[in-house]
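Okay, coords.csv is below, CSV, C-alpha atoms and all ligand atoms:
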chain,number,residue,atom,x,y,z
A,1,MET,CA,-5.0,-2.3,3.4
A,2,THR,CA,-5.7,-6.0,3.7
A,3,SER,CA,-2.2,-7.2,4.5
A,4,THR,CA,-2.5,-5.9,8.1
A,5,ASP,CA,-4.9,-5.2,10.9
A,6,GLN,CA,-2.6,-2.6,12.4
A,7,GLN,CA,-3.4,1.1,12.3
A,8,PRO,CA,-2.0,2.6,9.2
A,9,PHE,CA,1.2,4.5,9.7
A,10,LEU,CA,0.6,6.5,6.5
A,11,SER,CA,-2.9,7.4,5.5
A,12,VAL,CA,-3.7,9.2,2.2
A,13,ARG,CA,-7.3,10.3,1.7
A,14,ASP,CA,-8.8,11.7,-1.6
A,15,LEU,CA,-5.5,13.3,-2.6
A,16,LYS,CA,-5.7,15.7,-5.5
A,17,VAL,CA,-2.6,17.4,-6.9
A,18,HIS,CA,-3.2,19.9,-9.7
A,19,PHE,CA,-0.5,22.0,-11.4
A,20,SER,CA,-1.0,25.3,-13.2
A,21,THR,CA,0.9,25.5,-16.5
A,22,GLU,CA,0.8,27.9,-19.4
A,23,ASP,CA,-1.4,25.5,-21.2
A,24,GLY,CA,-3.9,24.9,-18.4
A,25,VAL,CA,-4.3,22.8,-15.3
A,26,VAL,CA,-2.7,19.4,-15.2
A,27,LYS,CA,-4.6,17.0,-12.9
A,28,ALA,CA,-1.5,14.9,-12.0
A,29,VAL,CA,-3.3,13.1,-9.1
A,30,ASP,CA,-7.0,13.1,-9.0
A,31,GLY,CA,-8.5,11.5,-5.9
A,32,LEU,CA,-6.2,9.0,-4.5
A,33,THR,CA,-6.7,7.0,-1.2
A,34,PHE,CA,-4.5,4.4,0.4
A,35,ASP,CA,-3.1,3.2,3.7
A,36,LEU,CA,0.3,1.8,4.6
A,37,ALA,CA,1.2,0.0,7.9
A,38,LYS,CA,4.7,-0.1,9.5
A,39,GLY,CA,6.9,-2.8,8.2
A,40,LYS,CA,4.9,-3.3,5.0
A,41,THR,CA,5.6,-2.5,1.4
A,42,LEU,CA,3.1,-0.8,-0.9
A,43,GLY,CA,4.0,-1.1,-4.6
A,44,ILE,CA,2.6,1.7,-6.8
A,45,VAL,CA,2.7,0.7,-10.4
A,46,GLY,CA,1.9,2.6,-13.6
A,47,GLU,CA,3.3,4.1,-16.8
A,48,SER,CA,5.1,7.5,-16.9
A,49,GLY,CA,2.7,10.3,-16.1
A,50,SER,CA,0.3,8.1,-14.1
A,51,GLY,CA,0.8,10.3,-11.0
A,52,LYS,CA,2.9,7.8,-9.0
A,53,SER,CA,6.0,10.0,-8.5
A,54,VAL,CA,3.9,13.2,-8.0
A,55,THR,CA,2.0,11.4,-5.2
A,56,ASN,CA,5.2,10.7,-3.4
A,57,LEU,CA,6.8,14.1,-3.9
A,58,THR,CA,3.7,15.5,-2.4
A,59,ILE,CA,3.9,13.2,0.7
A,60,LEU,CA,7.5,14.4,1.2
A,61,GLY,CA,6.4,18.1,0.7
A,62,LEU,CA,8.8,18.5,-2.3
A,63,HIS,CA,6.3,19.8,-4.7
A,64,ASP,CA,6.3,23.3,-6.1
A,65,ARG,CA,4.0,25.0,-3.6
A,66,GLU,CA,3.4,28.1,-5.7
A,67,ARG,CA,2.1,26.3,-8.8
A,68,THR,CA,0.4,23.4,-7.1
A,69,ALA,CA,-3.1,23.1,-5.8
A,70,ILE,CA,-3.5,20.3,-3.3
A,71,ASP,CA,-6.6,18.9,-1.7
A,72,GLY,CA,-7.2,15.9,0.6
A,73,GLU,CA,-5.4,14.5,3.6
A,74,ILE,CA,-2.0,12.9,4.2
A,75,LEU,CA,-1.5,11.6,7.8
A,76,LEU,CA,1.9,10.3,8.8
A,77,ASP,CA,1.7,8.7,12.2
A,78,GLY,CA,-1.3,10.9,12.9
A,79,LYS,CA,0.4,14.1,11.7
A,80,GLU,CA,-1.2,16.0,8.9
A,81,LEU,CA,1.5,16.8,6.3
A,82,LEU,CA,-0.5,19.0,3.9
A,83,THR,CA,-0.8,21.7,6.6
A,84,ALA,CA,2.7,21.2,8.0
A,85,SER,CA,5.2,24.1,7.7
A,86,GLU,CA,8.3,23.9,5.6
A,87,ARG,CA,10.4,23.7,8.8
A,88,GLU,CA,8.3,20.8,10.1
A,89,LEU,CA,8.6,19.0,6.8
A,90,GLU,CA,12.3,19.5,6.7
A,91,ARG,CA,12.6,17.9,10.2
A,92,LEU,CA,10.4,15.0,9.1
A,93,ARG,CA,12.3,14.4,5.9
A,94,GLY,CA,15.3,12.3,7.0
A,95,ASN,CA,14.1,11.7,10.5
A,96,LYS,CA,10.7,10.2,9.9
A,97,MET,CA,10.5,9.8,6.1
A,98,SER,CA,13.1,9.5,3.4
A,99,MET,CA,13.4,8.9,-0.3
A,100,ILE,CA,15.6,6.9,-2.7
A,101,PHE,CA,15.6,8.2,-6.3
A,102,GLN,CA,16.4,6.4,-9.5
A,103,ASP,CA,19.6,8.3,-10.3
A,104,ALA,CA,22.1,8.2,-7.5
A,105,LEU,CA,24.6,10.2,-9.4
A,106,ALA,CA,22.2,13.1,-9.7
A,107,SER,CA,21.3,12.9,-6.0
A,108,LEU,CA,24.8,12.8,-4.6
A,109,SER,CA,27.1,15.8,-4.7
A,110,PRO,CA,30.2,15.2,-6.8
A,111,TYR,CA,32.1,17.7,-4.6
A,112,HIS,CA,32.0,15.9,-1.3
A,113,THR,CA,33.0,12.4,-0.1
A,114,ILE,CA,30.4,9.8,0.4
A,115,GLY,CA,31.1,9.7,4.1
A,116,ARG,CA,30.6,13.4,4.5
A,117,GLN,CA,27.3,13.4,2.7
A,118,ILE,CA,25.9,10.5,4.8
A,119,GLY,CA,27.4,12.1,7.9
A,120,GLU,CA,26.1,15.5,7.3
A,121,THR,CA,22.5,14.1,6.9
A,122,TYR,CA,23.0,12.4,10.2
A,123,ARG,CA,24.4,15.5,11.9
A,124,LYS,CA,21.6,17.7,10.6
A,125,HIS,CA,18.9,15.6,12.2
A,126,THR,CA,20.6,14.4,15.3
A,127,GLY,CA,23.1,17.1,16.3
A,128,ALA,CA,25.9,14.4,16.4
A,129,SER,CA,29.6,15.5,16.4
A,130,LYS,CA,31.7,15.1,13.2
A,131,LYS,CA,33.4,12.1,14.7
A,132,GLU,CA,30.1,10.4,15.6
A,133,ALA,CA,28.8,11.2,12.1
A,134,ARG,CA,31.8,9.6,10.4
A,135,ALA,CA,31.4,6.5,12.6
A,136,ARG,CA,27.7,6.3,11.7
A,137,ALA,CA,28.5,6.7,8.0
A,138,ILE,CA,31.0,3.8,8.1
A,139,GLU,CA,28.4,1.7,10.0
A,140,MET,CA,25.7,2.5,7.4
A,141,LEU,CA,28.1,1.7,4.5
A,142,ARG,CA,28.9,-1.6,6.1
A,143,ARG,CA,25.2,-2.3,6.5
A,144,VAL,CA,24.4,-1.7,2.9
A,145,GLY,CA,27.3,-4.0,1.9
A,146,ILE,CA,30.1,-1.7,0.8
A,147,PRO,CA,33.4,-3.5,1.2
A,148,GLN,CA,36.1,-1.8,3.3
A,149,PRO,CA,33.7,0.9,4.5
A,150,ASP,CA,36.3,2.5,6.7
A,151,VAL,CA,38.3,3.2,3.6
A,152,ARG,CA,35.6,3.8,1.0
A,153,VAL,CA,33.9,6.3,3.3
A,154,ASP,CA,36.5,8.8,2.0
A,155,ASP,CA,35.8,8.2,-1.7
A,156,TYR,CA,33.9,10.6,-3.9
A,157,PRO,CA,30.8,9.4,-5.8
A,158,HIS,CA,32.6,9.0,-9.1
A,159,GLN,CA,34.9,6.4,-7.4
A,160,PHE,CA,31.9,4.2,-6.7
A,161,SER,CA,30.3,1.9,-9.3
A,162,GLY,CA,26.6,2.5,-10.2
A,163,GLY,CA,25.5,-0.3,-7.8
A,164,MET,CA,27.7,1.0,-5.0
A,165,ARG,CA,26.4,4.6,-5.5
A,166,GLN,CA,22.8,3.3,-5.2
A,167,ARG,CA,23.8,1.5,-2.0
A,168,ALA,CA,25.4,4.7,-0.7
A,169,MET,CA,22.2,6.6,-1.4
A,170,ILE,CA,20.2,3.9,0.5
A,171,ALA,CA,22.7,4.3,3.3
A,172,MET,CA,22.1,8.1,3.3
A,173,ALA,CA,18.3,7.6,3.1
A,174,LEU,CA,18.4,5.2,6.1
A,175,VAL,CA,21.0,6.9,8.3
A,176,CYS,CA,18.4,8.5,10.6
A,177,ASP,CA,16.3,5.3,10.7
A,178,PRO,CA,13.3,6.7,8.9
A,179,GLU,CA,10.0,5.0,9.5
A,180,LEU,CA,8.8,5.6,6.0
A,181,LEU,CA,11.0,5.0,2.9
A,182,ILE,CA,9.9,6.0,-0.5
A,183,ALA,CA,11.8,4.3,-3.3
A,184,ASP,CA,11.2,5.8,-6.7
A,185,GLU,CA,12.3,3.3,-9.4
A,186,PRO,CA,15.5,2.8,-7.4
A,187,THR,CA,16.8,-0.1,-9.4
A,188,THR,CA,15.7,0.8,-13.0
A,189,ALA,CA,19.2,1.9,-14.1
A,190,LEU,CA,21.0,-1.1,-12.6
A,191,ASP,CA,21.8,-4.5,-14.2
A,192,VAL,CA,19.7,-7.4,-13.1
A,193,THR,CA,22.2,-8.9,-10.6
A,194,VAL,CA,22.7,-5.6,-8.8
A,195,GLN,CA,19.0,-4.9,-9.0
A,196,ALA,CA,18.3,-8.2,-7.1
A,197,GLN,CA,21.0,-7.4,-4.5
A,198,ILE,CA,19.4,-4.0,-3.8
A,199,MET,CA,16.0,-5.5,-3.5
A,200,ASP,CA,17.3,-8.0,-1.0
A,201,LEU,CA,19.0,-5.3,0.9
A,202,LEU,CA,15.8,-3.3,1.1
A,203,LYS,CA,14.0,-6.3,2.4
A,204,ASP,CA,16.7,-7.0,5.0
A,205,LEU,CA,16.7,-3.4,6.2
A,206,GLN,CA,12.9,-3.4,6.4
A,207,GLN,CA,13.0,-6.5,8.6
A,208,GLU,CA,15.7,-5.0,10.8
A,209,PHE,CA,14.1,-1.5,11.2
A,210,GLY,CA,10.4,-2.2,10.6
A,211,THR,CA,10.4,0.5,7.9
A,212,ALA,CA,7.2,1.1,5.9
A,213,ILE,CA,8.2,1.3,2.2
A,214,ILE,CA,6.4,2.7,-0.9
A,215,PHE,CA,8.0,1.2,-3.9
A,216,ILE,CA,7.3,3.1,-7.2
A,217,THR,CA,7.8,1.2,-10.4
A,218,HIS,CA,6.5,0.5,-13.9
A,219,ASP,CA,7.7,-3.1,-13.6
A,220,LEU,CA,5.2,-5.7,-12.2
A,221,GLY,CA,8.1,-8.2,-11.9
A,222,VAL,CA,9.6,-5.9,-9.2
A,223,ILE,CA,6.2,-5.6,-7.5
A,224,ALA,CA,6.0,-9.4,-7.5
A,225,ASP,CA,9.3,-9.5,-5.6
A,226,ILE,CA,8.9,-6.8,-3.0
A,227,ALA,CA,5.3,-5.6,-2.4
A,228,ASP,CA,2.7,-6.7,0.1
A,229,ASP,CA,0.0,-4.6,-1.4
A,230,VAL,CA,-0.3,-3.1,-4.8
A,231,LEU,CA,-1.9,0.1,-6.1
A,232,VAL,CA,-2.2,0.5,-9.9
A,233,MET,CA,-2.4,4.1,-11.2
A,234,TYR,CA,-3.5,5.3,-14.6
A,235,GLY,CA,-4.0,8.9,-15.6
A,236,GLY,CA,-3.7,10.3,-12.1
A,237,ARG,CA,-6.1,7.8,-10.6
A,238,CYS,CA,-6.0,4.5,-8.8
A,239,VAL,CA,-7.6,2.0,-11.1
A,240,GLU,CA,-7.0,-1.1,-9.0
A,241,ARG,CA,-5.8,-2.1,-5.6
A,242,GLY,CA,-5.4,-5.2,-3.5
A,243,THR,CA,-2.8,-7.6,-2.1
A,244,LYS,CA,0.1,-8.5,-4.4
A,245,LYS,CA,-1.4,-12.0,-4.9
A,246,GLU,CA,-4.9,-10.6,-5.7
A,247,VAL,CA,-3.7,-8.1,-8.2
A,248,LEU,CA,-1.1,-10.2,-10.0
A,249,ARG,CA,-3.1,-13.5,-10.0
A,250,ALA,CA,-6.6,-12.2,-10.6
A,251,PRO,CA,-6.4,-8.7,-12.0
A,252,GLN,CA,-9.8,-6.9,-12.1
A,253,HIS,CA,-9.0,-3.9,-14.3
A,254,PRO,CA,-8.3,-4.2,-18.0
A,255,TYR,CA,-5.2,-1.9,-17.6
A,256,THR,CA,-3.6,-4.2,-15.0
A,257,TRP,CA,-4.5,-7.1,-17.2
A,258,GLY,CA,-2.8,-5.4,-20.1
A,259,LEU,CA,0.3,-4.6,-18.0
A,260,LEU,CA,0.6,-8.3,-17.1
A,261,GLY,CA,0.2,-9.3,-20.7
A,262,SER,CA,2.9,-6.8,-21.8
A,263,MET,CA,5.6,-8.4,-19.7
A,264,PRO,CA,7.5,-11.7,-19.7
A,265,SER,CA,6.1,-14.6,-17.7
A,266,LEU,CA,5.4,-13.8,-14.0
A,267,ASP,CA,3.8,-15.6,-11.2
A,268,GLY,CA,0.5,-14.4,-12.4
A,269,PRO,CA,-2.2,-15.4,-14.9
A,270,VAL,CA,-1.1,-18.4,-17.0
A,271,ASP,CA,-0.1,-18.3,-20.7
A,272,VAL,CA,-0.6,-14.7,-21.3
A,273,PRO,CA,1.4,-13.9,-24.5
A,274,LEU,CA,3.5,-10.8,-24.7
A,275,SER,CA,1.4,-8.0,-26.1
A,276,PRO,CA,2.1,-4.3,-25.3
A,277,ILE,CA,-0.9,-2.1,-24.5
A,278,PRO,CA,-1.7,-0.1,-27.7
A,279,GLY,CA,-1.8,3.7,-27.6
A,280,SER,CA,-0.2,6.2,-25.2
A,281,PRO,CA,-0.9,7.3,-21.7
A,282,PRO,CA,-3.6,10.1,-21.5
A,283,SER,CA,-2.9,13.8,-21.5
A,284,LEU,CA,-3.6,15.1,-18.0
A,285,LEU,CA,-4.2,18.6,-19.4
A,286,ASN,CA,-7.2,17.3,-21.3
A,287,PRO,CA,-7.9,13.8,-20.1
A,288,PRO,CA,-10.4,11.5,-21.9
A,289,SER,CA,-14.0,11.7,-20.7
A,290,GLY,CA,-15.5,8.9,-18.7
A,291,CYS,CA,-13.0,6.2,-18.0
A,292,ARG,CA,-9.5,7.6,-18.8
A,293,PHE,CA,-8.4,4.2,-20.1
A,294,HIS,CA,-11.3,3.9,-22.6
A,295,PRO,CA,-9.3,5.0,-25.8
A,296,ARG,CA,-6.9,2.1,-25.1
A,297,CYS,CA,-9.2,-0.5,-23.6
A,298,ALA,CA,-9.9,-3.7,-25.5
A,299,PHE,CA,-13.2,-4.2,-23.6
A,300,ALA,CA,-14.7,-0.7,-23.8
A,301,GLU,CA,-17.2,-1.7,-26.5
A,302,LYS,CA,-18.4,-4.6,-24.5
A,303,VAL,CA,-19.9,-2.3,-22.0
A,304,THR,CA,-23.4,-1.2,-23.2
A,305,ASP,CA,-24.7,2.4,-23.5
A,306,GLY,CA,-21.2,3.9,-24.3
A,307,ARG,CA,-20.7,4.3,-20.5
A,308,CYS,CA,-17.0,3.9,-20.8
A,309,SER,CA,-16.5,7.1,-22.7
A,310,SER,CA,-19.2,9.1,-20.7
A,311,GLU,CA,-19.2,8.0,-17.1
A,312,GLN,CA,-16.2,7.8,-14.8
A,313,PRO,CA,-16.1,4.4,-13.1
A,314,LEU,CA,-15.8,4.6,-9.4
A,315,LEU,CA,-13.2,2.7,-7.4
A,316,GLN,CA,-15.3,0.2,-5.4
A,317,VAL,CA,-13.2,-1.2,-2.6
A,318,THR,CA,-14.1,-4.0,-0.2
A,319,ASP,CA,-11.6,-5.2,2.4
A,320,GLY,CA,-8.8,-3.3,0.5
A,321,ARG,CA,-9.6,-4.9,-2.8
A,322,GLY,CA,-11.2,-3.2,-5.8
A,323,ALA,CA,-11.1,-1.8,-9.3
A,324,ALA,CA,-12.5,1.2,-11.1
A,325,CYS,CA,-14.2,-0.4,-14.1
A,326,HIS,CA,-17.8,-0.7,-15.5
A,327,LEU,CA,-17.4,-4.4,-16.3
A,328,THR,CA,-19.2,-6.7,-14.0
A,329,ALA,CA,-17.3,-9.5,-12.3
A,330,ASP,CA,-18.8,-12.1,-14.7
A,331,GLN,CA,-18.0,-10.0,-17.8
A,332,ARG,CA,-14.4,-9.6,-16.6
A,333,ARG,CA,-14.0,-13.3,-16.1
A,334,ASP,CA,-15.4,-14.2,-19.5
A,335,PHE,CA,-13.8,-11.4,-21.5
A,336,PHE,CA,-10.3,-11.9,-20.0
A,337,ALA,CA,-10.5,-15.6,-20.6
A,338,ASP,CA,-11.8,-15.1,-24.2
A,339,HIS,CA,-9.2,-12.5,-25.0
A,340,THR,CA,-6.3,-14.6,-23.7
A,341,ALA,CA,-7.5,-17.5,-25.8
A,342,THR,CA,-7.8,-15.2,-28.9
A,343,ARG,CA,-4.3,-13.8,-28.4
A,344,SER,CA,-2.9,-17.3,-28.0
A,345,HIS,CA,-3.9,-18.3,-31.5
B,1,LIG,FE1,-12.3,-0.5,-20.1
B,1,LIG,FE2,-14.7,0.5,-19.7
B,1,LIG,FE3,-13.5,-0.7,-17.7
B,1,LIG,FE4,-12.6,1.6,-18.5
B,1,LIG,S1,-14.6,1.2,-17.6
B,1,LIG,S2,-11.4,-0.2,-18.1
B,1,LIG,S3,-12.9,1.5,-20.7
B,1,LIG,S4,-14.2,-1.6,-19.7

Take the structure in the file and write it out as C-alpha cells.
Ligand code: SF4
Amino acid sequence: MTSTDQQPFLSVRDLKVHFSTEDGVVKAVDGLTFDLAKGKTLGIVGESGSGKSVTNLTILGLHDRERTAIDGEILLDGKELLTASERELERLRGNKMSMIFQDALASLSPYHTIGRQIGETYRKHTGASKKEARARAIEMLRRVGIPQPDVRVDDYPHQFSGGMRQRAMIAMALVCDPELLIADEPTTALDVTVQAQIMDLLKDLQQEFGTAIIFITHDLGVIADIADDVLVMYGGRCVERGTKKEVLRAPQHPYTWGLLGSMPSLDGPVDVPLSPIPGSPPSLLNPPSGCRFHPRCAFAEKVTDGRCSSEQPLLQVTDGRGAACHLTADQRRDFFADHTATRSH
C-alpha cells in the first residue's frame, strides 16, 4: 500500500471465502486484495458481517476447512498459507503470526494461571524449559504494564480486571515475537481509558518489535488513532482503500462517507452531523445485485441507467488509493458537499 515502499510482508490476492450452509452458500469474502509491510498497521473497518473477521481467521488458518471453499492467494513473508499443512500453520501461529481477540475471558483458560498460559505458549514454540518460560512470562507481563509481574504471574484470569486480562492476552500473543499481529476488536469491551492505554501499548510494542498489525474494528475513531492504511469492507468486499488520511479526510465511497457521518466528530470531513446509515448490512446468502450497498445508498439514484442495482462497481486502485463506486470523482465531490449541506439544515 502507499504508506511504504518496502516489499509487503503479507500479501492477500483476490481472496474468496465461501461457506456452505443448509440454506446455501454464504460469500463471506468475495475477492479481497491488500498488502501489509512490516512495522505498519492496516485498519480493516466495516459493520458486523462485512467479512473482516473471516478474512483474518482465514489468514491464520482457523476457518472450518470442511465447510469452507477458499480461492486466491495469501503470502506471508513469501510463504503461501492457503496450501500450508495444518502442522505448518500451527508452527506459524504463535511464532510468526498471532491474534488478539475481543473477549480475553473467553480466550484464557480459567483453570490455569496467567503465567502458565503465557509460558506454555512460549515453550510450545521455542522448546524452552519451565523455568525459562516462567521468566519469559514475567518479562512479558512487565512489558504490557502489569504491576508486580513476579507476583501476578501466579494469578488466575478471574483475579485480573478486564483491562489486565486484555494485557495478559496481548502478552500471550506477543510472547514469541510474532511478525504479524491480528487484533480483532481488542478494545471494544473496555472503558475508554483502558482502551487508550491498550492502543498506546500496541503502538509501543510495534515500535519495539517492528510488528505488522491488522487492526479490525467497526470504529473509525480507533482507525484514526492507530492505522497507517485503511481498508473499508462492505458485504464481503473491499469498497475503499487508501492511507488513513486519504480515507478519513476525503472518503470516495458513499459507505465510508456514511460511516464518518454516523460517528462523533473526528479528524475528518468538517461539520458532518451525526446520522446513522439507514437499513441493515446485506445478506451474504443472497446479496443485492450490482453494488451491494445500493439498497442503502443515498446516491444510487444519481447514477444514470440504474447501473447501481445491475452492475457491480469494480475497485479501481491507483497507488494504493481507490473505491468501488459508479460515481465519478466530480459527482462525488458535488453530491457529498450537497448532502452535507442538506443534512446540516
Ligand atoms: Fe452508491 Fe451506486 Fe456508488 Fe454503490 S455504486 S456506492 S449504490 S453510488

7 Å shell around ligand LIG 1 (chain B) using all atoms listed in the file, listed as a ChimeraX atom specification: /A:253-255,291-294,297-300,303,308-309,313,324-327

C-alpha atoms of the current selection, written as a PDB file, keeping the file's coordinate frame:
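What follows is the written file part-v3.pdb:
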ATOM      1  CA  HIS A 253      -9.000  -3.900 -14.300  1.00  0.00           C
ATOM      2  CA  PRO A 254      -8.300  -4.200 -18.000  1.00  0.00           C
ATOM      3  CA  TYR A 255      -5.200  -1.900 -17.600  1.00  0.00           C
ATOM      4  CA  CYS A 291     -13.000   6.200 -18.000  1.00  0.00           C
ATOM      5  CA  ARG A 292      -9.500   7.600 -18.800  1.00  0.00           C
ATOM      6  CA  PHE A 293      -8.400   4.200 -20.100  1.00  0.00           C
ATOM      7  CA  HIS A 294     -11.300   3.900 -22.600  1.00  0.00           C
ATOM      8  CA  CYS A 297      -9.200  -0.500 -23.600  1.00  0.00           C
ATOM      9  CA  ALA A 298      -9.900  -3.700 -25.500  1.00  0.00           C
ATOM     10  CA  PHE A 299     -13.200  -4.200 -23.600  1.00  0.00           C
ATOM     11  CA  ALA A 300     -14.700  -0.700 -23.800  1.00  0.00           C
ATOM     12  CA  VAL A 303     -19.900  -2.300 -22.000  1.00  0.00           C
ATOM     13  CA  CYS A 308     -17.000   3.900 -20.800  1.00  0.00           C
ATOM     14  CA  SER A 309     -16.500   7.100 -22.700  1.00  0.00           C
ATOM     15  CA  PRO A 313     -16.100   4.400 -13.100  1.00  0.00           C
ATOM     16  CA  ALA A 324     -12.500   1.200 -11.100  1.00  0.00           C
ATOM     17  CA  CYS A 325     -14.200  -0.400 -14.100  1.00  0.00           C
ATOM     18  CA  HIS A 326     -17.800  -0.700 -15.500  1.00  0.00           C
ATOM     19  CA  LEU A 327     -17.400  -4.400 -16.300  1.00  0.00           C
TER      20      LEU A 327
END

Protein, DNA and RNA residues within 10 Å of (6.1, -4.4, -15.7), only C-alpha atoms, as a ChimeraX atom specification: /A:45-47,217-224,256,258-264,266

Using only C-alpha atoms: which of A:Arg321, A:Arg65, A:Arg249, A:Arg91 has the shortest distance to Asp229 in chain A: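 Among A:Arg321, A:Arg65, A:Arg249, A:Arg91, it is A:Arg321 that comes nearest to Asp229 in chain A.
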
Interatomic distance, CA of Val25 in chain A to CA of Arg13 in chain A (Å, one decimal):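 Computing it gives 21.3 Å between the two atoms.
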
Residue with smallest distance to Phe34 in chain A - pool A:Asp103, A:Gly320, A:Asn95, A:Leu141, counting all atoms listed in the file: A:Gly320

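Remark: for Thr188 in chain A, the closest of the candidate residues A:Ala104, A:Leu10, A:Ile118, A:Ile138 is A:Ala104 (distances computed over all atoms listed in the file).
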
Give me the residues near Val29 in chain A as a CSV table (one decimal) with C-alpha atoms, keeping the file's coordinate frame, where near means some atom within 12 Å (using all atoms listed in the file) and where sequence neighbours in that chain fewer than 3 positions away do not count.
chain,number,residue,atom,x,y,z
A,12,VAL,CA,-3.7,9.2,2.2
A,13,ARG,CA,-7.3,10.3,1.7
A,14,ASP,CA,-8.8,11.7,-1.6
A,15,LEU,CA,-5.5,13.3,-2.6
A,16,LYS,CA,-5.7,15.7,-5.5
A,17,VAL,CA,-2.6,17.4,-6.9
A,18,HIS,CA,-3.2,19.9,-9.7
A,19,PHE,CA,-0.5,22.0,-11.4
A,25,VAL,CA,-4.3,22.8,-15.3
A,26,VAL,CA,-2.7,19.4,-15.2
A,32,LEU,CA,-6.2,9.0,-4.5
A,33,THR,CA,-6.7,7.0,-1.2
A,49,GLY,CA,2.7,10.3,-16.1
A,50,SER,CA,0.3,8.1,-14.1
A,51,GLY,CA,0.8,10.3,-11.0
A,52,LYS,CA,2.9,7.8,-9.0
A,53,SER,CA,6.0,10.0,-8.5
A,54,VAL,CA,3.9,13.2,-8.0
A,55,THR,CA,2.0,11.4,-5.2
A,56,ASN,CA,5.2,10.7,-3.4
A,57,LEU,CA,6.8,14.1,-3.9
A,58,THR,CA,3.7,15.5,-2.4
A,68,THR,CA,0.4,23.4,-7.1
A,69,ALA,CA,-3.1,23.1,-5.8
A,70,ILE,CA,-3.5,20.3,-3.3
A,71,ASP,CA,-6.6,18.9,-1.7
A,72,GLY,CA,-7.2,15.9,0.6
A,233,MET,CA,-2.4,4.1,-11.2
A,234,TYR,CA,-3.5,5.3,-14.6
A,235,GLY,CA,-4.0,8.9,-15.6
A,236,GLY,CA,-3.7,10.3,-12.1
A,237,ARG,CA,-6.1,7.8,-10.6
A,238,CYS,CA,-6.0,4.5,-8.8
A,284,LEU,CA,-3.6,15.1,-18.0
A,285,LEU,CA,-4.2,18.6,-19.4
A,287,PRO,CA,-7.9,13.8,-20.1

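Of the residues listed (A:Gly162, A:Gly61, A:Pro251, A:Pro8), A:Pro251 shows the shortest atom-to-atom separation from Ala329 in chain A; distances use all atoms listed in the file.
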
Separation of CA of Glu80 in chain A from CA of Leu205 in chain A in Å: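 Atom-to-atom, CA of Leu205 in chain A and CA of Glu80 in chain A are spaced 26.5 Å apart.
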